[in-house]
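Okay, work.pdb is below, PDB, C-alpha atoms and all ligand atoms:
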```pdb
MODEL        1
ATOM      1  CA  VAL M   1      10.175   8.888   6.920
ATOM      2  CA  ASN M   2       9.857  12.561   7.628
ATOM      3  CA  ALA M   3       6.312  13.780   6.959
ATOM      4  CA  LEU M   4       7.571  17.289   6.264
ATOM      5  CA  ALA M   5       9.873  15.995   3.547
ATOM      6  CA  ALA M   6       7.237  13.667   2.086
ATOM      7  CA  PRO M   7       5.966  14.769  -1.291
ATOM      8  CA  ALA M   8       2.299  15.827  -1.201
ATOM      9  CA  THR M   9       1.915  14.285  -4.643
ATOM     10  CA  LEU M  10       3.752  11.615  -6.611
ATOM     11  CA  ASP M  11       3.039  11.452 -10.348
ATOM     12  CA  THR M  12       3.450   8.387 -12.553
ATOM     13  CA  PRO M  13       2.519   7.864 -16.228
ATOM     14  CA  HIS M  14      -1.105   6.998 -15.359
ATOM     15  CA  LEU M  15      -1.556   7.998 -11.714
ATOM     16  CA  ARG M  16      -1.371  10.820  -9.258
ATOM     17  CA  LEU M  17      -0.790   9.859  -5.633
ATOM     18  CA  ARG M  18      -1.909  12.602  -3.258
ATOM     19  CA  HIS M  19      -2.524  12.872   0.456
ATOM     20  CA  PRO M  20      -6.118  12.002   1.386
ATOM     21  CA  THR M  21      -8.781  14.209   2.974
ATOM     22  CA  LEU M  22     -11.916  13.301   4.938
ATOM     23  CA  ALA M  23     -13.919  14.134   1.796
ATOM     24  CA  ASP M  24     -12.447  10.978   0.193
ATOM     25  CA  ALA M  25     -14.321   8.662   2.576
ATOM     26  CA  GLU M  26     -17.242   7.934   0.263
ATOM     27  CA  ALA M  27     -15.034   7.070  -2.727
ATOM     28  CA  MET M  28     -12.806   4.936  -0.504
ATOM     29  CA  LEU M  29     -15.775   2.981   0.836
ATOM     30  CA  ALA M  30     -16.310   1.720  -2.740
ATOM     31  CA  TYR M  31     -13.193  -0.463  -2.342
ATOM     32  CA  ALA M  32     -12.663  -0.626   1.440
ATOM     33  CA  GLY M  33     -16.238  -1.919   1.696
ATOM     34  CA  ASP M  34     -15.848  -4.584  -1.013
ATOM     35  CA  PRO M  35     -15.253  -8.009   0.611
ATOM     36  CA  GLU M  36     -13.402  -9.280  -2.444
ATOM     37  CA  VAL M  37     -10.966  -6.382  -2.145
ATOM     38  CA  THR M  38     -10.483  -6.625   1.636
ATOM     39  CA  ARG M  39     -10.167 -10.430   1.702
ATOM     40  CA  TYR M  40      -6.438 -10.446   2.511
ATOM     41  CA  MET M  41      -6.238  -7.138   4.369
ATOM     42  CA  ASP M  42      -5.456  -6.947   8.082
ATOM     43  CA  TRP M  43      -8.477  -4.710   8.722
ATOM     44  CA  PRO M  44     -12.180  -5.565   8.513
ATOM     45  CA  THR M  45     -14.315  -4.737   5.493
ATOM     46  CA  GLN M  46     -15.632  -1.212   6.096
ATOM     47  CA  GLU M  47     -19.363  -0.835   6.475
ATOM     48  CA  SER M  48     -20.026   2.905   6.391
ATOM     49  CA  VAL M  49     -18.692   6.269   5.257
ATOM     50  CA  ALA M  50     -18.385   7.126   8.964
ATOM     51  CA  SER M  51     -16.032   4.194   9.618
ATOM     52  CA  VAL M  52     -13.837   5.174   6.649
ATOM     53  CA  GLU M  53     -13.794   8.765   7.955
ATOM     54  CA  GLU M  54     -12.623   7.421  11.304
ATOM     55  CA  PHE M  55      -9.872   5.452   9.560
ATOM     56  CA  LEU M  56      -8.912   8.603   7.601
ATOM     57  CA  ARG M  57      -8.733  10.690  10.794
ATOM     58  CA  GLY M  58      -6.155   8.189  12.063
ATOM     59  CA  CYS M  59      -4.243   8.378   8.751
ATOM     60  CA  LEU M  60      -4.202  12.187   8.857
ATOM     61  CA  ALA M  61      -2.979  12.208  12.487
ATOM     62  CA  ARG M  62      -0.175   9.767  11.623
ATOM     63  CA  LEU M  63       0.646  11.792   8.498
ATOM     64  CA  ALA M  64       0.930  14.885  10.717
ATOM     65  CA  ASP M  65       3.229  13.204  13.265
ATOM     66  CA  GLY M  66       5.268  11.469  10.542
ATOM     67  CA  SER M  67       4.688   7.899  11.721
ATOM     68  CA  GLU M  68       2.798   6.872   8.581
ATOM     69  CA  LEU M  69       2.417   8.417   5.150
ATOM     70  CA  THR M  70      -0.729   7.740   3.173
ATOM     71  CA  TRP M  71      -1.582   8.667  -0.385
ATOM     72  CA  ALA M  72      -4.868   8.298  -2.241
ATOM     73  CA  ILE M  73      -4.316   6.766  -5.689
ATOM     74  CA  THR M  74      -6.089   8.750  -8.431
ATOM     75  CA  VAL M  75      -6.250   8.485 -12.224
ATOM     76  CA  PRO M  76      -6.050  12.041 -13.620
ATOM     77  CA  PRO M  77      -7.981  13.974 -14.724
ATOM     78  CA  SER M  78     -10.257  12.411 -12.083
ATOM     79  CA  ASP M  79      -9.378  13.279  -8.494
ATOM     80  CA  ARG M  80     -11.484  10.430  -7.087
ATOM     81  CA  PRO M  81      -9.456   7.865  -5.119
ATOM     82  CA  ILE M  82      -9.375   4.390  -6.698
ATOM     83  CA  GLY M  83      -7.021   3.083  -4.049
ATOM     84  CA  THR M  84      -4.715   3.825  -1.155
ATOM     85  CA  ILE M  85      -1.007   3.277  -0.594
ATOM     86  CA  SER M  86       0.826   3.971   2.642
ATOM     87  CA  CYS M  87       4.179   3.436   4.309
ATOM     88  CA  ARG M  88       5.301   3.275   7.931
ATOM     89  CA  MET M  89       8.703   3.788   9.536
ATOM     90  CA  HIS M  90      10.060   1.190  11.963
ATOM     91  CA  GLY M  91      13.522   2.386  12.904
ATOM     92  CA  ALA M  92      15.569   2.312   9.721
ATOM     93  CA  GLU M  93      13.055   0.057   8.001
ATOM     94  CA  VAL M  94       9.962   1.174   6.090
ATOM     95  CA  ASP M  95       7.079  -1.103   5.287
ATOM     96  CA  PHE M  96       4.332  -0.314   2.821
ATOM     97  CA  GLY M  97       0.938  -1.586   1.721
ATOM     98  CA  TYR M  98      -1.711  -0.818  -0.859
ATOM     99  CA  VAL M  99      -5.253  -1.544  -1.961
ATOM    100  CA  LEU M 100      -7.065  -0.870  -5.234
ATOM    101  CA  HIS M 101     -10.707  -0.730  -6.343
ATOM    102  CA  ARG M 102     -11.573  -3.998  -8.098
ATOM    103  CA  ALA M 103     -12.600  -2.249 -11.343
ATOM    104  CA  PHE M 104      -8.974  -1.127 -11.760
ATOM    105  CA  TRP M 105      -7.206  -4.454 -11.171
ATOM    106  CA  GLY M 106      -5.090  -6.099 -13.842
ATOM    107  CA  ARG M 107      -3.790  -2.945 -15.532
ATOM    108  CA  GLY M 108      -0.450  -2.660 -13.764
ATOM    109  CA  LEU M 109      -1.688   0.261 -11.665
ATOM    110  CA  ALA M 110      -0.790  -1.155  -8.223
ATOM    111  CA  THR M 111       2.713  -1.832  -9.533
ATOM    112  CA  GLU M 112       2.908   1.714 -10.868
ATOM    113  CA  ALA M 113       1.854   3.145  -7.484
ATOM    114  CA  ALA M 114       4.189   0.844  -5.542
ATOM    115  CA  ARG M 115       7.134   1.705  -7.793
ATOM    116  CA  ALA M 116       6.484   5.411  -7.238
ATOM    117  CA  VAL M 117       6.580   5.045  -3.443
ATOM    118  CA  VAL M 118       9.510   2.608  -3.476
ATOM    119  CA  GLY M 119      11.355   4.915  -5.893
ATOM    120  CA  TRP M 120      10.859   7.874  -3.580
ATOM    121  CA  LEU M 121      11.936   5.852  -0.510
ATOM    122  CA  ALA M 122      15.026   4.752  -2.448
ATOM    123  CA  THR M 123      16.210   8.373  -2.472
ATOM    124  CA  LEU M 124      16.123   8.739   1.345
ATOM    125  CA  ASP M 125      19.486   8.222   3.031
ATOM    126  CA  HIS M 126      17.965   7.445   6.456
ATOM    127  CA  VAL M 127      15.991   4.496   5.058
ATOM    128  CA  ALA M 128      18.041   1.292   5.188
ATOM    129  CA  ARG M 129      15.509  -1.296   4.143
ATOM    130  CA  ILE M 130      12.102  -1.414   2.449
ATOM    131  CA  ARG M 131       9.745  -4.226   3.283
ATOM    132  CA  ALA M 132       6.205  -5.389   2.583
ATOM    133  CA  THR M 133       4.220  -8.425   3.596
ATOM    134  CA  CYS M 134       1.257 -10.185   2.081
ATOM    135  CA  ASP M 135      -0.905 -13.188   2.761
ATOM    136  CA  ALA M 136       0.671 -16.320   1.259
ATOM    137  CA  ALA M 137      -2.451 -16.812  -0.895
ATOM    138  CA  ASN M 138      -2.397 -13.252  -2.248
ATOM    139  CA  VAL M 139      -0.661 -14.081  -5.514
ATOM    140  CA  ALA M 140      -1.413 -10.749  -7.203
ATOM    141  CA  SER M 141       0.095  -8.752  -4.345
ATOM    142  CA  ALA M 142       3.200 -10.945  -4.199
ATOM    143  CA  ARG M 143       3.662 -10.289  -7.912
ATOM    144  CA  VAL M 144       3.267  -6.525  -7.412
ATOM    145  CA  LEU M 145       6.026  -6.622  -4.784
ATOM    146  CA  GLU M 146       8.372  -8.569  -7.053
ATOM    147  CA  LYS M 147       7.668  -6.184  -9.930
ATOM    148  CA  SER M 148       8.427  -3.274  -7.569
ATOM    149  CA  GLY M 149      11.975  -4.535  -7.027
ATOM    150  CA  LEU M 150      11.541  -6.381  -3.730
ATOM    151  CA  VAL M 151      12.734  -9.931  -3.187
ATOM    152  CA  ARG M 152      10.906 -12.650  -1.310
ATOM    153  CA  GLU M 153      12.887 -13.402   1.824
ATOM    154  CA  ALA M 154      10.646 -15.240   4.251
ATOM    155  CA  ALA M 155       7.495 -17.287   4.598
ATOM    156  CA  GLN M 156       6.058 -17.472   8.089
ATOM    157  CA  GLU M 157       3.321 -19.798   9.262
ATOM    158  CA  CYS M 158       0.655 -18.510  11.674
ATOM    159  CA  ALA M 159       1.842 -14.947  11.255
ATOM    160  CA  THR M 160      -1.060 -12.604  10.567
ATOM    161  CA  VAL M 161      -4.760 -12.576  11.317
ATOM    162  CA  ARG M 162      -6.827 -11.567   8.299
ATOM    163  CA  PRO M 163     -10.060 -10.687  10.074
ATOM    164  CA  ASN M 164     -12.178 -11.098   6.929
ATOM    165  CA  LEU M 165     -11.026 -14.730   6.605
ATOM    166  CA  GLY M 166     -11.408 -15.787  10.229
ATOM    167  CA  PRO M 167      -9.675 -15.568  13.592
ATOM    168  CA  GLU M 168      -6.781 -17.967  12.883
ATOM    169  CA  PRO M 169      -3.369 -16.423  12.057
ATOM    170  CA  ARG M 170      -2.459 -17.199   8.447
ATOM    171  CA  PRO M 171       0.832 -17.668   6.602
ATOM    172  CA  THR M 172       2.528 -14.469   5.515
ATOM    173  CA  LEU M 173       5.224 -13.754   2.937
ATOM    174  CA  THR M 174       7.809 -11.037   3.485
ATOM    175  CA  PHE M 175       9.401  -9.199   0.569
ATOM    176  CA  ALA M 176      12.233  -6.745   1.146
ATOM    177  CA  ARG M 177      15.272  -5.055  -0.307
ATOM    178  CA  ARG M 178      18.069  -2.945   1.077
ATOM    179  CA  ARG M 179      17.450   0.600  -0.074
ATOM    180  CA  THR M 180      20.760   0.813  -1.918
ATOM    181  CA  GLU M 181      19.845  -2.279  -3.970
ATOM    182  CA  LEU M 182      16.658  -0.708  -5.293
ATOM    183  CA  PRO M 183      16.198   0.915  -8.683
ATOM    184  CA  GLY M 184      16.328   4.675  -8.102
ATOM    185  CA  ALA M 185      18.721   4.486  -5.139
ATOM    186  CA  LYS M 186      21.567   6.967  -5.202
ATOM    187  CA  GLY M 187      24.544   5.465  -6.942
ATOM    188  CA  HIS M 188      22.433   2.707  -8.493
TER     189      HIS M 188
HETATM  190  C1  LIG M 201      -3.085  -6.791  -5.104
HETATM  191  C2  LIG M 201      -3.625  -5.645  -5.978
HETATM  192  C3  LIG M 201      -3.215  -4.325  -5.340
HETATM  193  C4  LIG M 201      -3.001  -5.784  -7.370
HETATM  194  O1  LIG M 201      -3.403  -4.669  -8.160
HETATM  195  P1  LIG M 201      -3.231  -4.652  -9.745
HETATM  196  O2  LIG M 201      -3.222  -3.232 -10.191
HETATM  197  O3  LIG M 201      -4.207  -5.575 -10.370
HETATM  198  O4  LIG M 201      -1.752  -5.253  -9.874
HETATM  199  P2  LIG M 201      -0.834  -5.229 -11.183
HETATM  200  O5  LIG M 201      -1.702  -5.238 -12.397
HETATM  201  O6  LIG M 201       0.153  -4.120 -11.037
HETATM  202  O7  LIG M 201      -0.027  -6.600 -11.045
HETATM  203  C5  LIG M 201      -0.686  -7.792 -10.682
HETATM  204  C6  LIG M 201       0.154  -8.983 -11.074
HETATM  205  O8  LIG M 201      -0.377 -10.147 -10.441
HETATM  206  C7  LIG M 201      -0.753 -11.072 -11.430
HETATM  207  N1  LIG M 201      -1.932 -11.758 -10.919
HETATM  208  C8  LIG M 201      -3.123 -11.222 -10.583
HETATM  209  N2  LIG M 201      -3.947 -12.176 -10.131
HETATM  210  C9  LIG M 201      -3.251 -13.326 -10.184
HETATM  211  C10 LIG M 201      -3.570 -14.665  -9.864
HETATM  212  N3  LIG M 201      -4.750 -15.007  -9.358
HETATM  213  N4  LIG M 201      -2.618 -15.610 -10.063
HETATM  214  C11 LIG M 201      -1.408 -15.295 -10.558
HETATM  215  N5  LIG M 201      -1.053 -14.012 -10.873
HETATM  216  C12 LIG M 201      -1.974 -13.066 -10.685
HETATM  217  C13 LIG M 201      -0.992 -10.270 -12.678
HETATM  218  O9  LIG M 201      -0.898 -11.073 -13.820
HETATM  219  C14 LIG M 201       0.130  -9.252 -12.558
HETATM  220  O10 LIG M 201       1.401  -9.807 -12.866
HETATM  221  P3  LIG M 201       2.061  -9.681 -14.349
HETATM  222  O11 LIG M 201       2.239  -8.220 -14.633
HETATM  223  O12 LIG M 201       3.351 -10.411 -14.228
HETATM  224  O13 LIG M 201       1.108 -10.319 -15.322
HETATM  225  C15 LIG M 201      -5.142  -5.695  -6.120
HETATM  226  O14 LIG M 201      -5.515  -6.939  -6.605
HETATM  227  C16 LIG M 201      -5.842  -5.413  -4.811
HETATM  228  O15 LIG M 201      -6.124  -4.281  -4.455
HETATM  229  N6  LIG M 201      -6.180  -6.494  -4.075
HETATM  230  C17 LIG M 201      -6.885  -6.370  -2.820
HETATM  231  C18 LIG M 201      -6.084  -5.654  -1.764
HETATM  232  C19 LIG M 201      -4.787  -6.326  -1.467
HETATM  233  O16 LIG M 201      -4.692  -7.526  -1.445
HETATM  234  N7  LIG M 201      -3.762  -5.503  -1.237
HETATM  235  C20 LIG M 201      -2.426  -5.972  -0.929
HETATM  236  C21 LIG M 201      -2.332  -6.383   0.495
HETATM  237  S1  LIG M 201      -0.691  -7.016   0.852
ENDMDL
END
```

Could I get this structure in the form of structure tokens?
Amino acid sequence: VNALAAPATLDTPHLRLRHPTLADAEAMLAYAGDPEVTRYMDWPTQESVASVEEFLRGCLARLADGSELTWAITVPPSDRPIGTISCRMHGAEVDFGYVLHRAFWGRGLATEAARAVVGWLATLDHVARIRATCDAANVASARVLEKSGLVREAAQECATVRPNLGPEPRPTLTFARRRTELPGAKGH
């Protein structure tokens, strides 16, 4: 993924995805600091605006060097982030992840955001494969990935530590699709 070529905003019927700024830290703490939201994440529940700012500084540095692209999820006309979605390049493979404020769950919004990012990735010739993982117990996220056009391809035991659930590595599901098999891919 080339950061220079990455769209600064992605619009969907209900959402605007835009790059984050440090000023978003307080709004992001509302979900990144909610233990029910962070349960299956691979980072600890955030405890302060300062720690979210630190996280955002890392996101902005990776956005600048192109190694990771992050968008804040907003519901226009509000510009306040209700979630985050990001993707990372690993060779020809891109993986992505997302998180949403609990008050906005169950309305199809994570699927809408994921489809926007997957749809954009599907247009990039240098991307061969799009992948995402989730905890085996994270049924809602697995469903979002299926609805975004990915296919479950592996279940691994003892794969990922979810720090908010304890130190033991937990089972992880992998969903993926070759780029050319995705809706939105050239020639699809
Ligand atoms: C996972 C998450 C992003 C889903 O957001 P969302 O906007 O509610 O997702 P959507 O509404 O687009 O889709 C959720 C799907 O899961 C289903 N679902 C939700 N909870 C479920 C449950 N407990 N059991 C079975 N299905 C469930 C919904 O019915 C829906 O599927 P459907 O459209 O076929 O009915 C949100 O719950 C979240 O932020 N969770 C915490 C962070 C997280 O886990 N992120 C992903 C890490 S891999």

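With CA of Glu26 in chain M on one side and CA of Gly83 in chain M on the other, the separation reads 12.1 Å.
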
Per residue of chain M within 7 Å of ligand LIG 201 (chain M), record the nearest atom pair and its distance in Å to one decimal, counting only C-alpha atoms and all ligand atoms, with rows in chain order and ascending residue number, as CSV.
```
residue,atom,partner,partner_atom,distance
M:Val37,CA,M:LIG201,C17,4.1
M:Thr38,CA,M:LIG201,C18,5.6
M:Arg39,CA,M:LIG201,C17,6.9
M:Tyr40,CA,M:LIG201,O16,5.2
M:Met41,CA,M:LIG201,C21,5.6
M:Gly97,CA,M:LIG201,S1,5.7
M:Tyr98,CA,M:LIG201,N7,5.1
M:Val99,CA,M:LIG201,O15,3.8
M:Leu100,CA,M:LIG201,O15,3.6
M:His101,CA,M:LIG201,O15,6.1
M:Arg102,CA,M:LIG201,O15,6.6
M:Phe104,CA,M:LIG201,O2,6.3
M:Trp105,CA,M:LIG201,O3,3.3
M:Gly106,CA,M:LIG201,O3,3.6
M:Arg107,CA,M:LIG201,O5,4.4
M:Gly108,CA,M:LIG201,O6,3.2
M:Leu109,CA,M:LIG201,O2,4.1
M:Ala110,CA,M:LIG201,O2,3.8
M:Thr111,CA,M:LIG201,O6,3.7
M:Glu112,CA,M:LIG201,O6,6.5
M:Thr133,CA,M:LIG201,S1,5.8
M:Cys134,CA,M:LIG201,S1,3.9
M:Asp135,CA,M:LIG201,S1,6.5
M:Asn138,CA,M:LIG201,O16,6.2
M:Val139,CA,M:LIG201,N4,5.2
M:Ala140,CA,M:LIG201,O8,3.5
M:Ser141,CA,M:LIG201,C1,3.8
M:Arg143,CA,M:LIG201,O8,4.8
M:Val144,CA,M:LIG201,O7,4.9
```

Just C-alpha atoms for this one: save the residues we selected as an mmCIF file, keeping the file's coordinate frame.
```cif
data_model
loop_
_atom_site.group_PDB
_atom_site.id
_atom_site.type_symbol
_atom_site.label_atom_id
_atom_site.label_comp_id
_atom_site.auth_asym_id
_atom_site.auth_seq_id
_atom_site.Cartn_x
_atom_site.Cartn_y
_atom_site.Cartn_z
ATOM 1 C CA VAL M 37 -10.966 -6.382 -2.145
ATOM 2 C CA THR M 38 -10.483 -6.625 1.636
ATOM 3 C CA ARG M 39 -10.167 -10.430 1.702
ATOM 4 C CA TYR M 40 -6.438 -10.446 2.511
ATOM 5 C CA MET M 41 -6.238 -7.138 4.369
ATOM 6 C CA GLY M 97 0.938 -1.586 1.721
ATOM 7 C CA TYR M 98 -1.711 -0.818 -0.859
ATOM 8 C CA VAL M 99 -5.253 -1.544 -1.961
ATOM 9 C CA LEU M 100 -7.065 -0.870 -5.234
ATOM 10 C CA HIS M 101 -10.707 -0.730 -6.343
ATOM 11 C CA ARG M 102 -11.573 -3.998 -8.098
ATOM 12 C CA PHE M 104 -8.974 -1.127 -11.760
ATOM 13 C CA TRP M 105 -7.206 -4.454 -11.171
ATOM 14 C CA GLY M 106 -5.090 -6.099 -13.842
ATOM 15 C CA ARG M 107 -3.790 -2.945 -15.532
ATOM 16 C CA GLY M 108 -0.450 -2.660 -13.764
ATOM 17 C CA LEU M 109 -1.688 0.261 -11.665
ATOM 18 C CA ALA M 110 -0.790 -1.155 -8.223
ATOM 19 C CA THR M 111 2.713 -1.832 -9.533
ATOM 20 C CA GLU M 112 2.908 1.714 -10.868
ATOM 21 C CA THR M 133 4.220 -8.425 3.596
ATOM 22 C CA CYS M 134 1.257 -10.185 2.081
ATOM 23 C CA ASP M 135 -0.905 -13.188 2.761
ATOM 24 C CA ASN M 138 -2.397 -13.252 -2.248
ATOM 25 C CA VAL M 139 -0.661 -14.081 -5.514
ATOM 26 C CA ALA M 140 -1.413 -10.749 -7.203
ATOM 27 C CA SER M 141 0.095 -8.752 -4.345
ATOM 28 C CA ARG M 143 3.662 -10.289 -7.912
ATOM 29 C CA VAL M 144 3.267 -6.525 -7.412
#
```

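Near range 65-74 of chain M, within a cut-off of 7 Å and counting all atoms listed in the file, sit the residues Val1, Asn2, Ala3, Leu15, Arg16, Leu17, Arg18, His19, Pro20, Cys59, Ala61, Ser78, Asp79, Arg80, Pro81, Ile82, Gly83, Thr84, Ile85, Ser86, Cys87, Arg88 and Met89 of chain M, with same-chain residues fewer than 4 positions away left out.
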
* Asked: Do you know which residues are at most 6 Å from Pro169 in chain M counting only C-alpha atoms, after dropping those on the same chain fewer than 2 positions away, and could you put them as a PyMOL selection string?
  -> chain M and resi 158-161

Evaluating the PyMOL selection byres (((chain M and resi 50) around 12) and not hetatm) on the displayed file yields which residues, as a PDB file with C-alpha atoms, keeping the file's coordinate frame?
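Writing the result to expr.pdb gives the following:
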```pdb
ATOM      1  CA  LEU M  22     -11.916  13.301   4.938  1.00  0.00           C
ATOM      2  CA  ALA M  23     -13.919  14.134   1.796  1.00  0.00           C
ATOM      3  CA  ASP M  24     -12.447  10.978   0.193  1.00  0.00           C
ATOM      4  CA  ALA M  25     -14.321   8.662   2.576  1.00  0.00           C
ATOM      5  CA  GLU M  26     -17.242   7.934   0.263  1.00  0.00           C
ATOM      6  CA  MET M  28     -12.806   4.936  -0.504  1.00  0.00           C
ATOM      7  CA  LEU M  29     -15.775   2.981   0.836  1.00  0.00           C
ATOM      8  CA  GLY M  33     -16.238  -1.919   1.696  1.00  0.00           C
ATOM      9  CA  GLN M  46     -15.632  -1.212   6.096  1.00  0.00           C
ATOM     10  CA  GLU M  47     -19.363  -0.835   6.475  1.00  0.00           C
ATOM     11  CA  SER M  48     -20.026   2.905   6.391  1.00  0.00           C
ATOM     12  CA  VAL M  49     -18.692   6.269   5.257  1.00  0.00           C
ATOM     13  CA  SER M  51     -16.032   4.194   9.618  1.00  0.00           C
ATOM     14  CA  VAL M  52     -13.837   5.174   6.649  1.00  0.00           C
ATOM     15  CA  GLU M  53     -13.794   8.765   7.955  1.00  0.00           C
ATOM     16  CA  GLU M  54     -12.623   7.421  11.304  1.00  0.00           C
ATOM     17  CA  PHE M  55      -9.872   5.452   9.560  1.00  0.00           C
ATOM     18  CA  LEU M  56      -8.912   8.603   7.601  1.00  0.00           C
ATOM     19  CA  ARG M  57      -8.733  10.690  10.794  1.00  0.00           C
TER      20      ARG M  57
END
```

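Put simply, CA of Ala136 in chain M is 27.8 Å away from CA of Gly184 in chain M.
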
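With only C-alpha atoms as the atoms that count, the residue of M:Thr21, M:Thr180, M:Thr12, M:Thr45 with the shortest distance to His126 in chain M is M:Thr180.
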
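The shortest atom-to-atom distance to Gly119 in chain M, with all atoms listed in the file taken into account, belongs to M:Arg179 out of M:Arg179, M:His90, M:Arg62, M:Arg152.
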
* To do: For Glu157 in chain M, list every protein, DNA or RNA residue within 9 Å, evaluated using only C-alpha atoms, and leave out those in the same chain fewer than 4 positions away; present the list as a VMD selection string.
  => chain M and resid 169 to 173

* To do: Take CA of Arg178 in chain M and CA of Ile130 in chain M and report the distance between them in Å, one decimal.
  => 6.3 Å
